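Heads up: the structure comes next, in structure tokens.
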Number of protein chains: 2
Amino acid sequence: MRPEPPTSTAELTAPKISPVGNSANIKWHQCSVGKLDRQELLQQKGCVIWITGLSGSGKSTVACALSRALHSRGKLTFVLDGDNVRHGLNRDLSFKAEDRAENIRRIGEVAKLFSDAGVICIASLISPYRKDRAACRALLPEGDFIEVFMDVPLQVCEARDPKGLYKLARSGKIKGFTGIDDPYEPPLDCEIVLKQTERDCASPCDMAEQVISYLEEKGYLMA
Amino acid sequence: MRPEPPTSTAELTAPKISPVGNSANIKWHQCSVGKLDRQELLQQKGCVIWITGLSGSGKSTVACALSRALHSRGKLTFVLDGDNVRHGLNRDLSFKAEDRAENIRRIGEVAKLFSDAGVICIASLISPYRKDRAACRALLPEGDFIEVFMDVPLQVCEARDPKGLYKLARSGKIKGFTGIDDPYEPPLDCEIVLKQTERDCASPCDMAEQVISYLEEKGYLMA
């Protein structure tokens, strides 16, 4: 005979458990503190600001400026940088096509978790294909995926070449480099375009302010 | 001739970039807002509370109670539940040995990101092998990985069987089930043991308070 669970552990089975999808043995645990509670605490709404664009287009710099500007307003942000994540969570992934897709998928899933935590998550990665970005967007509630396109001509990015990667790509030392021998698909309907040309280029702070105006207007900077 | 980058974009190359490990083409971007800034904002220290134990030992319930108790003190928490993550980030993983290890590795990496964001991250998963837990601990700065062992006898967990999994495992419908036909390696030197027996069982709230006392003592509930 198996012992009955002691009465005092009755609460131990308290969390709502419901089956999800077709995984019969994996249940979804609903926790008593939810996204709304965390948003109330933080006085902001969790969301994902997805910055896409060519290498050298200024994604990381804008992510950084945006994070700083929001922090100075008392808002909690976290930057998920495509390169940085490859040193941790995605260290097992290469640069072949399916691994690049998986890299983006995982960052999308992690960004979703941060958004659910109430954090303004700033994801900064080339993410060249519309399909992959659309899949990340689909993970989030309507409106919470804010796609920011760094609209910078290839020649400007290549002239900057802050990491020397274009040079390596042009000399054939890197294969499948976005913009050189692999396509970049610009967004067709993104929320924000940050346009730069050879002659006309806003400062990172100004670009960050453009994003902040959007967030303010849409109510993301209050609970 | 390639155009020079316009002067006004000089700041665009501002973030500190340094090579990491042996990945010559992946640089580490240091962002101007760091963990300390976020901790100051949140008035808490980011850390990972790793709750390990058998299925049915009350991990999710304690995670939930802890999250609720910390939230009521104005602290930001986020629960990473092993089962829930399998519906998103880890949906590509099966239950075979290497996939279970990868499941834990990824949750460890994500927990590290949350901790870096300043969040008190509560990870709740069986994580039966010492090796896998040690690898997650190693990702974090000294002291920031707080291992909580749900020390509950197998027969108590099996009597509870909230998801009916022990029944399936005993009848051979689930193979490699921890505690039945796969080992659970209890921690040898974890930070907190939450012991329950058939006769003596603290309430989830009392167990949460034990963890909170630890966090308070170690200074995690202030910046």
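By convention here, the chains of the structure tokens are called A, B, ... in the order presented, each chain's residues are numbered starting at 1, and ligands are numbered starting at 1 in the order presented.
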Within 12 Å of Gly143 of chain A, counting only C-alpha atoms, which residues show up once you throw out same-chain ones fewer than 2 positions away? Write them as number ranges by chain, please.
A: 45-49, 115, 137-141, 145-147, 190-191, 214-215, 218-220
Keeping only N, CA, C and O atoms, write those residues as a compact mmCIF listing (two decimals), in the first residue's frame.
# COMPACT_ATOMS: atom_id res chain seq x y z
N LYS A 45 5.77 47.78 -20.02
CA LYS A 45 5.25 46.54 -20.62
C LYS A 45 6.39 45.77 -21.28
O LYS A 45 7.21 46.35 -21.98
N GLY A 46 6.40 44.49 -21.04
CA GLY A 46 7.40 43.64 -21.67
C GLY A 46 7.18 43.59 -23.17
O GLY A 46 6.04 43.51 -23.63
N CYS A 47 8.25 43.66 -23.93
CA CYS A 47 8.14 43.56 -25.38
C CYS A 47 9.51 43.21 -25.95
O CYS A 47 10.50 43.16 -25.21
N VAL A 48 9.53 42.97 -27.25
CA VAL A 48 10.79 42.66 -27.93
C VAL A 48 11.04 43.70 -29.01
O VAL A 48 10.20 43.90 -29.89
N ILE A 49 12.17 44.35 -28.92
CA ILE A 49 12.57 45.28 -29.98
C ILE A 49 13.62 44.53 -30.80
O ILE A 49 14.72 44.23 -30.32
N SER A 115 10.38 39.11 -22.49
CA SER A 115 9.19 39.93 -22.63
C SER A 115 8.13 39.50 -21.61
O SER A 115 7.47 40.32 -20.98
N ARG A 137 8.31 36.82 -34.58
CA ARG A 137 7.15 37.70 -34.36
C ARG A 137 5.94 36.88 -33.92
O ARG A 137 5.21 37.28 -33.01
N ALA A 138 5.77 35.73 -34.57
CA ALA A 138 4.59 34.91 -34.29
C ALA A 138 4.58 34.34 -32.87
O ALA A 138 3.53 33.91 -32.38
N LEU A 139 5.73 34.34 -32.21
CA LEU A 139 5.78 33.82 -30.84
C LEU A 139 5.13 34.77 -29.85
O LEU A 139 4.77 34.37 -28.74
N LEU A 140 5.03 36.04 -30.23
CA LEU A 140 4.62 37.07 -29.27
C LEU A 140 3.20 37.56 -29.50
O LEU A 140 2.69 37.49 -30.62
N PRO A 141 2.58 38.07 -28.43
CA PRO A 141 1.25 38.67 -28.60
C PRO A 141 1.33 39.83 -29.58
O PRO A 141 2.38 40.49 -29.69
N PHE A 145 6.06 42.57 -30.67
CA PHE A 145 7.29 42.38 -31.46
C PHE A 145 7.46 43.64 -32.32
O PHE A 145 6.67 43.91 -33.22
N ILE A 146 8.47 44.41 -31.99
CA ILE A 146 8.67 45.70 -32.65
C ILE A 146 9.94 45.60 -33.50
O ILE A 146 11.06 45.57 -32.98
N GLU A 147 9.73 45.50 -34.81
CA GLU A 147 10.85 45.26 -35.71
C GLU A 147 11.45 46.59 -36.15
O GLU A 147 10.74 47.47 -36.65
N CYS A 190 7.86 46.63 -41.36
CA CYS A 190 8.34 46.68 -39.97
C CYS A 190 7.80 47.94 -39.28
O CYS A 190 7.29 48.85 -39.93
N GLU A 191 7.92 47.96 -37.97
CA GLU A 191 7.37 49.05 -37.18
C GLU A 191 8.21 50.32 -37.31
O GLU A 191 7.65 51.43 -37.31
N TYR A 214 8.19 55.77 -30.26
CA TYR A 214 7.25 54.71 -30.64
C TYR A 214 6.73 53.98 -29.40
O TYR A 214 5.53 53.76 -29.24
N LEU A 215 7.66 53.60 -28.51
CA LEU A 215 7.28 52.86 -27.30
C LEU A 215 6.33 53.67 -26.43
O LEU A 215 5.37 53.14 -25.86
N LYS A 218 2.87 53.87 -27.96
CA LYS A 218 2.12 52.61 -27.89
C LYS A 218 1.88 52.16 -26.44
O LYS A 218 1.33 51.08 -26.20
N GLY A 219 2.35 52.96 -25.49
CA GLY A 219 2.04 52.65 -24.09
C GLY A 219 2.97 51.64 -23.43
O GLY A 219 2.67 51.11 -22.35
N TYR A 220 4.13 51.36 -24.03
CA TYR A 220 5.03 50.36 -23.45
C TYR A 220 5.84 50.88 -22.26
O TYR A 220 6.43 50.10 -21.53
Identify which of the residues A:Glu109, A:Glu217, A:Asp151, A:Glu209 lies closest to Lys59 of chain A, counting only C-alpha atoms when measuring atom-to-atom distances.
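Answer, going by the shortest atom-to-atom distance: A:Asp151.
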Separation of atom CA of Asp83 of chain A from atom CA of Gly118 of chain A, in Å and rounded to one decimal
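Going from atom CA of Asp83 of chain A over to atom CA of Gly118 of chain A covers 23.6 Å.
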When DSSP works through the backbone of this structure, what residues of segment 3-198 of chain A end up as helix (DSSP H, G or I), shown as a PyMOL selection string?
chain A and resi 7-13+35-42+59-72+82-85+97-116+130-138+154-160+165-170
Can you tell me, as a list of chain:residue names, what residues are no more than 10 Å from Val85 of chain A when counting only C-alpha atoms, ignoring any on the same chain fewer than 5 positions away?
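Close residues of Val85 of chain A: A:Leu80, A:Asn90, A:Arg91, A:Asn103, A:Arg106, A:Ile107, B:Ile26, B:Trp28, B:Glu109, B:Val110, B:Leu113.
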Pull N, CA, C and O atoms from the residues just selected and write them as a compact mmCIF listing (two decimals), in the first residue's frame.
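Heads up, here's the output in again_27.txt:
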# COMPACT_ATOMS: atom_id res chain seq x y z
N LEU A 80 19.91 41.31 -26.07
CA LEU A 80 20.33 40.00 -26.57
C LEU A 80 21.08 40.25 -27.87
O LEU A 80 20.46 40.60 -28.88
N ASN A 90 24.05 29.54 -27.64
CA ASN A 90 24.16 29.03 -29.00
C ASN A 90 25.58 28.63 -29.40
O ASN A 90 25.91 28.61 -30.58
N ARG A 91 26.37 28.28 -28.40
CA ARG A 91 27.75 27.90 -28.68
C ARG A 91 27.87 26.62 -29.50
O ARG A 91 28.91 26.34 -30.09
N ASN A 103 19.77 29.49 -34.58
CA ASN A 103 20.30 30.62 -33.79
C ASN A 103 19.22 31.68 -33.58
O ASN A 103 18.97 32.14 -32.47
N ARG A 106 16.16 30.35 -31.42
CA ARG A 106 16.41 30.34 -29.98
C ARG A 106 16.41 31.74 -29.39
O ARG A 106 15.87 31.97 -28.31
N ILE A 107 16.99 32.69 -30.12
CA ILE A 107 17.00 34.06 -29.61
C ILE A 107 15.57 34.58 -29.54
O ILE A 107 15.19 35.26 -28.59
N ILE B 26 33.51 36.30 -34.08
CA ILE B 26 32.42 36.68 -33.18
C ILE B 26 33.02 37.50 -32.06
O ILE B 26 33.87 37.03 -31.31
N TRP B 28 32.66 40.19 -28.69
CA TRP B 28 31.83 40.42 -27.54
C TRP B 28 31.54 41.92 -27.45
O TRP B 28 32.44 42.73 -27.35
N GLU B 109 21.94 28.30 -19.38
CA GLU B 109 22.40 29.49 -20.12
C GLU B 109 21.35 30.61 -20.06
O GLU B 109 21.70 31.78 -19.92
N VAL B 110 20.09 30.24 -20.20
CA VAL B 110 19.03 31.25 -20.15
C VAL B 110 18.93 31.83 -18.73
O VAL B 110 18.78 33.04 -18.55
N LEU B 113 21.44 34.42 -18.31
CA LEU B 113 21.04 35.68 -18.95
C LEU B 113 20.08 36.47 -18.04
O LEU B 113 20.23 37.67 -17.86
